[in-house]
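Listing of my_file.txt, compact mmCIF, C-alpha atoms and all ligand atoms
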# COMPACT_ATOMS: atom_id res chain seq x y z
CA MET F 1158 44.34 39.49 -25.10
CA ALA F 1159 47.99 39.09 -24.27
CA SER F 1160 47.67 41.41 -21.27
CA ASP F 1161 44.68 39.36 -19.95
CA ILE F 1162 46.80 36.22 -19.99
CA ASP F 1163 49.59 38.08 -18.24
CA ARG F 1164 47.18 39.29 -15.57
CA TYR F 1165 45.73 35.80 -14.93
CA GLU F 1166 49.19 34.35 -14.82
CA LEU F 1167 50.22 36.99 -12.33
CA ILE F 1168 47.14 36.24 -10.17
CA TRP F 1169 48.11 32.56 -10.12
CA ILE F 1170 51.67 33.40 -9.20
CA TYR F 1171 50.43 35.60 -6.32
CA LEU F 1172 47.96 32.89 -5.22
CA CYS F 1173 50.70 30.23 -5.20
CA ALA F 1174 53.02 32.53 -3.30
CA ALA F 1175 50.24 33.32 -0.79
CA VAL F 1176 49.52 29.59 -0.22
CA LEU F 1177 53.23 28.89 0.30
CA ALA F 1178 53.56 31.82 2.68
CA GLY F 1179 50.43 30.67 4.54
CA LEU F 1180 51.72 27.12 4.92
CA PHE F 1181 55.10 28.38 6.06
CA GLY F 1182 53.29 30.52 8.65
CA VAL F 1183 51.38 27.45 9.87
CA LEU F 1184 54.68 25.56 10.14
CA LEU F 1185 56.26 28.36 12.19
CA TYR F 1186 53.19 28.63 14.42
CA SER F 1187 53.06 24.87 15.09
CA ALA F 1188 56.80 24.73 15.82
CA PHE F 1189 57.15 27.85 17.99
CA GLY F 1190 53.58 28.73 19.00
CA LEU F 1191 52.33 25.25 19.85
CA GLY F 1192 55.72 23.67 20.51
CA ILE F 1193 55.09 20.71 18.21
CA HIS F 1194 58.29 19.09 17.02
CA VAL F 1195 59.61 15.73 15.92
CA GLU F 1196 61.07 13.41 18.49
CA THR F 1197 64.33 14.66 19.90
CA ASP F 1198 67.14 12.19 19.87
CA VAL F 1199 67.49 11.30 23.54
CA GLY F 1200 68.87 7.85 22.85
CA GLN F 1201 69.01 4.87 20.57
CA ILE F 1202 68.26 1.26 21.34
CA HIS F 1203 68.37 -1.73 19.07
CA PRO F 1204 64.81 -3.13 18.78
CA THR F 1205 66.03 -6.73 19.18
CA GLN F 1206 67.81 -5.85 22.44
CA VAL F 1207 65.00 -3.99 24.21
CA ALA F 1208 64.34 -6.91 26.56
CA THR F 1209 67.97 -6.98 27.71
CA THR F 1210 68.78 -3.26 27.80
CA ALA F 1211 68.12 -1.14 30.88
CA PRO F 1212 65.75 0.43 31.71
CA PHE F 1213 63.54 -1.35 29.18
CA ASP F 1214 64.42 -4.80 30.50
CA GLN F 1215 62.14 -3.96 33.44
CA PRO F 1216 59.13 -2.00 32.22
CA GLY F 1217 57.07 -0.39 34.93
CA LEU F 1218 56.85 2.47 37.36
CA ARG F 1219 59.52 3.38 39.89
CA GLN F 1220 59.81 6.21 42.32
CA VAL F 1221 62.94 8.28 41.75
CA GLY F 1222 62.31 11.05 44.29
CA PRO F 1223 59.64 12.67 46.43
CA ASP F 1224 56.60 12.94 44.13
CA GLU F 1225 58.77 11.97 41.18
CA TYR F 1226 58.39 8.82 39.16
CA GLU F 1227 59.86 7.20 36.10
CA ALA F 1228 57.54 5.14 33.93
CA VAL F 1229 59.33 2.81 31.53
CA ILE F 1230 56.86 1.70 28.88
CA VAL F 1231 57.52 -0.71 26.02
CA ALA F 1232 55.08 -0.60 23.12
CA ARG F 1233 54.48 -3.52 20.80
CA ALA F 1234 51.62 -4.67 18.61
CA TRP F 1235 49.15 -4.11 20.27
CA VAL F 1236 49.83 -3.53 23.91
CA PHE F 1237 51.65 -1.17 26.20
CA ASP F 1238 53.76 -2.83 28.88
CA PRO F 1239 52.73 -1.99 31.58
CA PRO F 1240 49.08 -1.42 30.65
CA GLU F 1241 48.44 0.66 33.76
CA ILE F 1242 50.36 2.83 36.22
CA ARG F 1243 49.15 4.29 39.51
CA ILE F 1244 50.49 7.48 41.07
CA PRO F 1245 49.32 9.86 43.77
CA ALA F 1246 48.07 13.30 42.69
CA GLY F 1247 50.79 15.90 42.42
CA SER F 1248 53.32 13.46 41.00
CA THR F 1249 55.68 14.27 38.17
CA VAL F 1250 56.19 11.36 35.83
CA THR F 1251 58.95 11.01 33.26
CA PHE F 1252 57.87 8.53 30.61
CA LYS F 1253 60.60 6.61 28.81
CA LEU F 1254 59.22 4.88 25.76
CA THR F 1255 60.40 2.62 22.99
CA SER F 1256 58.94 0.10 20.58
CA LEU F 1257 59.70 -3.56 19.95
CA ASP F 1258 58.32 -3.70 16.42
CA VAL F 1259 56.68 -0.90 14.46
CA ILE F 1260 56.00 2.80 14.99
CA HIS F 1261 53.43 3.38 17.72
CA GLY F 1262 52.11 6.50 19.35
CA PHE F 1263 51.69 7.63 22.94
CA LYS F 1264 49.02 10.21 23.51
CA VAL F 1265 47.43 11.16 26.81
CA PRO F 1266 44.43 13.38 26.12
CA ARG F 1267 44.05 16.56 28.22
CA THR F 1268 47.76 16.62 29.14
CA GLY F 1269 49.58 17.61 25.98
CA ILE F 1270 51.55 14.35 26.04
CA ASN F 1271 51.95 13.27 22.43
CA ARG F 1272 54.95 11.24 21.31
CA MET F 1273 55.82 8.88 18.52
CA ILE F 1274 57.34 5.61 19.68
CA ILE F 1275 59.87 4.63 17.07
CA PRO F 1276 61.71 1.29 16.95
CA GLY F 1277 65.38 1.94 17.64
CA GLN F 1278 64.72 5.22 19.37
CA ILE F 1279 63.92 6.27 22.92
CA SER F 1280 61.22 8.87 23.50
CA VAL F 1281 61.02 10.83 26.74
CA VAL F 1282 58.27 13.10 28.00
CA THR F 1283 57.63 14.52 31.48
CA HIS F 1284 54.32 15.62 32.94
CA ARG F 1285 52.96 16.58 36.35
CA PHE F 1286 49.56 15.10 37.27
CA ASP F 1287 47.74 17.34 39.73
CA GLU F 1288 44.12 16.30 39.15
CA PRO F 1289 43.03 12.87 40.36
CA GLY F 1290 41.34 10.71 37.78
CA THR F 1291 42.05 8.21 35.06
CA TYR F 1292 44.12 9.34 32.12
CA PRO F 1293 44.07 6.87 29.25
CA TYR F 1294 47.10 6.52 27.06
CA ILE F 1295 46.37 5.55 23.51
CA CYS F 1296 48.33 4.59 20.44
CA HIS F 1297 47.64 7.21 17.80
CA GLU F 1298 49.93 5.95 15.05
CA TYR F 1299 48.26 3.27 12.95
CA CYS F 1300 50.19 0.08 13.75
CA GLY F 1301 48.10 -2.75 12.31
CA SER F 1302 44.81 -4.57 12.74
CA GLY F 1303 44.80 -4.31 16.55
CA HIS F 1304 45.67 -0.62 16.64
CA HIS F 1305 42.23 0.45 17.86
CA ILE F 1306 42.50 -1.68 21.01
CA MET F 1307 46.02 -0.54 21.93
CA ASN F 1308 45.68 1.53 25.05
CA GLY F 1309 46.52 1.80 28.73
CA GLY F 1310 45.89 4.15 31.59
CA ILE F 1311 47.36 6.32 34.30
CA VAL F 1312 45.38 6.26 37.51
CA VAL F 1313 46.01 9.40 39.54
CA GLU F 1314 44.84 8.70 43.08
CA PRO F 1315 43.73 11.45 45.46
CA ARG F 1316 46.08 12.06 48.40
CU CU M 1 48.66 1.90 16.96

The structure in this file should be written as structure tokens.
Amino acid sequence: MASDIDRYELIWIYLCAAVLAGLFGVLLYSAFGLGIHVETDVGQIHPTQVATTAPFDQPGLRQVGPDEYEAVIVARAWVFDPPEIRIPAGSTVTFKLTSLDVIHGFKVPRTGINRMIIPGQISVVTHRFDEPGTYPYICHEYCGSGHHIMNGGIVVEPR
């Protein structure tokens, strides 16, 4: 009887160790295989001073080089400012994002763009848009009762 209990206990210990090892493997795969990581600290901004701090005092799209653009986007409940940007196909866009109020998200399906927008922090992500079309950007961090209508779009125009 005592040896049965020992055996079951041992099985549970092995099971727990296997689950921990499995989860650790998933963590390593998501970090190094898929490249998923928390927001890097590219800059801080006080949420009450967003409207007076460059570049967020002038949200919008500007050209910074041939086929290179910078999109400064301010998120707040429940809009993105600007709600739409237009670029020609083949453009590389560096998005600079921050929030005025709560945590929002910035996800552009089919591009791999996926960032949290955290009050007090600046998020940056760069992507090249080769295929013409409309790429919606959506908030994917629940931010309140209007969360489901918080979206915008990137219009990539053919050359
Ligand atoms: Cu949201």

Exercise. Would you list the residues that come within 7 Å of ligand CU 1 (chain M)? Count all atoms listed in the file and give the answer as a PyMOL selection string.
Key: chain F and resi 1235+1261-1262+1296-1301+1304-1305+1307

Self-check item: Neighbour list for Val1313 of chain F as a list in words, cut-off 9 Å, all atoms listed in the file, skip fewer than 3 positions in-chain
Solution: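 Those residues are Ile1242, Arg1243, Ile1244, Pro1245, Ala1246, Gly1247, Ser1248, Phe1286, Asp1287, Glu1288, Pro1289, Gly1290, Thr1291 and Tyr1292 of chain F.
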
Quiz item: What is the atom CA of Thr1205 of chain F-atom CA of Ser1256 of chain F distance in Å, reported with one decimal?
Solution: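 Atom-to-atom, atom CA of Thr1205 of chain F and atom CA of Ser1256 of chain F are spaced 9.9 Å apart.
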
Quiz item: Which is closest to His1194 of chain F among F:Arg1272, F:Arg1316, F:Arg1164, F:His1284, if we use all atoms listed in the file?
Solution: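 Result for the nearest residue to His1194 of chain F: F:Arg1272.
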
All file atoms of segment 1245-1259 of chain F boxed axis-aligned, 4 Å per side, centre plus edges, as JSON:
{"center_x": 54.3, "center_y": 6.1, "center_z": 29.1, "size_x": 20.5, "size_y": 27.6, "size_z": 37.3}

Using all atoms listed in the file, tabulate the residues of segment 1206-1239 of chain F lying at most 12 Å from any atom of segment 1275-1278 of chain F, each with its closest atom pair and that distance in Å to one decimal, by chain and increasing residue number, as a tab-separated table.
residue	atom	partner	partner_atom	distance
F:Gln1206	CA	F:Gly1277	CA	9.5
F:Val1207	CA	F:Gly1277	CA	8.9
F:Thr1210	CA	F:Gly1277	CA	11.9
F:Phe1213	CA	F:Gln1278	CA	11.9
F:Val1231	CA	F:Pro1276	CA	10.2
F:Ala1232	CA	F:Pro1276	CA	9.3
F:Arg1233	CA	F:Pro1276	CA	9.5
F:Ala1234	CA	F:Pro1276	CA	11.8

Would you save the residues of that selection, restricted to C-alpha atoms, as a CSV table (one decimal), keeping the file's coordinate frame?
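Result file result_24.csv:
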chain,number,residue,atom,x,y,z
F,1206,GLN,CA,67.8,-5.8,22.4
F,1207,VAL,CA,65.0,-4.0,24.2
F,1210,THR,CA,68.8,-3.3,27.8
F,1213,PHE,CA,63.5,-1.4,29.2
F,1231,VAL,CA,57.5,-0.7,26.0
F,1232,ALA,CA,55.1,-0.6,23.1
F,1233,ARG,CA,54.5,-3.5,20.8
F,1234,ALA,CA,51.6,-4.7,18.6

Exercise. Compute the distance from (60.5, 12.7, 46.6) to each atom, counting all atoms listed in the file, keep the residues with any atom at most 12 Å away, and return them as number ranges by chain; use the coordinates of the file.
Key: F: 1219-1227, 1245, 1247-1250

Quiz item: Can you tell me, as a VMD selection string, what residues are no more than 12 Å from Gly1269 of chain F when counting all atoms listed in the file, ignoring any on the same chain fewer than 2 positions away?
Solution: chain F and resid 1191 to 1193 1263 to 1267 1271 to 1272 1282 to 1286 1292 1294

Quiz item: Expressed in Å to a single decimal, how great is the separation between atom CA of Phe1189 of chain F and atom CA of Ala1175 of chain F?
Solution: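 Rounded to one decimal, the two atoms are 20.7 Å apart.
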
Practice problem: Work out how far apart atom CA of Pro1239 of chain F and atom CA of Gln1215 of chain F are and give it in Å to one decimal. | Solution: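 Spanning atom CA of Pro1239 of chain F to atom CA of Gln1215 of chain F is a straight-line distance of 9.8 Å.
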
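The neighbours of Lys1253 of chain F here are the residues that come within 6 Å of it, using only C-alpha atoms and leaving out any residue fewer than 4 positions away in the same chain; they are F:Val1229, F:Ser1280, F:Val1281.
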
My structure is short of atoms at segment 1268-1279 of chain F; please model N, CA and C atoms there, returning them as a short mmCIF file (atom, residue, chain, number, x, y, z; two decimals), in the coordinates of the input.
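Final output, out_27.cif:
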data_model
loop_
_atom_site.label_atom_id
_atom_site.label_comp_id
_atom_site.auth_asym_id
_atom_site.auth_seq_id
_atom_site.Cartn_x
_atom_site.Cartn_y
_atom_site.Cartn_z
N THR F 1268 46.50 16.32 28.47
CA THR F 1268 47.76 16.62 29.14
C THR F 1268 48.79 17.24 28.20
N GLY F 1269 48.57 17.15 26.93
CA GLY F 1269 49.58 17.61 25.98
C GLY F 1269 50.64 16.58 25.67
N ILE F 1270 50.57 15.40 26.33
CA ILE F 1270 51.55 14.35 26.04
C ILE F 1270 51.21 13.73 24.69
N ASN F 1271 52.18 13.75 23.79
CA ASN F 1271 51.95 13.27 22.43
C ASN F 1271 53.31 12.94 21.84
N ARG F 1272 53.64 11.64 21.80
CA ARG F 1272 54.95 11.24 21.31
C ARG F 1272 54.80 10.10 20.32
N MET F 1273 55.69 10.07 19.36
CA MET F 1273 55.82 8.88 18.52
C MET F 1273 56.74 7.91 19.25
N ILE F 1274 56.45 6.63 19.12
CA ILE F 1274 57.34 5.61 19.68
C ILE F 1274 57.94 4.86 18.50
N ILE F 1275 59.22 5.09 18.29
CA ILE F 1275 59.87 4.63 17.07
C ILE F 1275 60.84 3.50 17.40
N PRO F 1276 60.75 2.37 16.68
CA PRO F 1276 61.71 1.29 16.95
C PRO F 1276 63.14 1.81 16.77
N GLY F 1277 63.99 1.49 17.73
CA GLY F 1277 65.38 1.94 17.64
C GLY F 1277 65.62 3.27 18.31
N GLN F 1278 64.55 3.90 18.76
CA GLN F 1278 64.72 5.22 19.37
C GLN F 1278 64.01 5.27 20.71
N ILE F 1279 64.52 6.09 21.60
CA ILE F 1279 63.92 6.27 22.92
C ILE F 1279 63.21 7.62 22.93
#
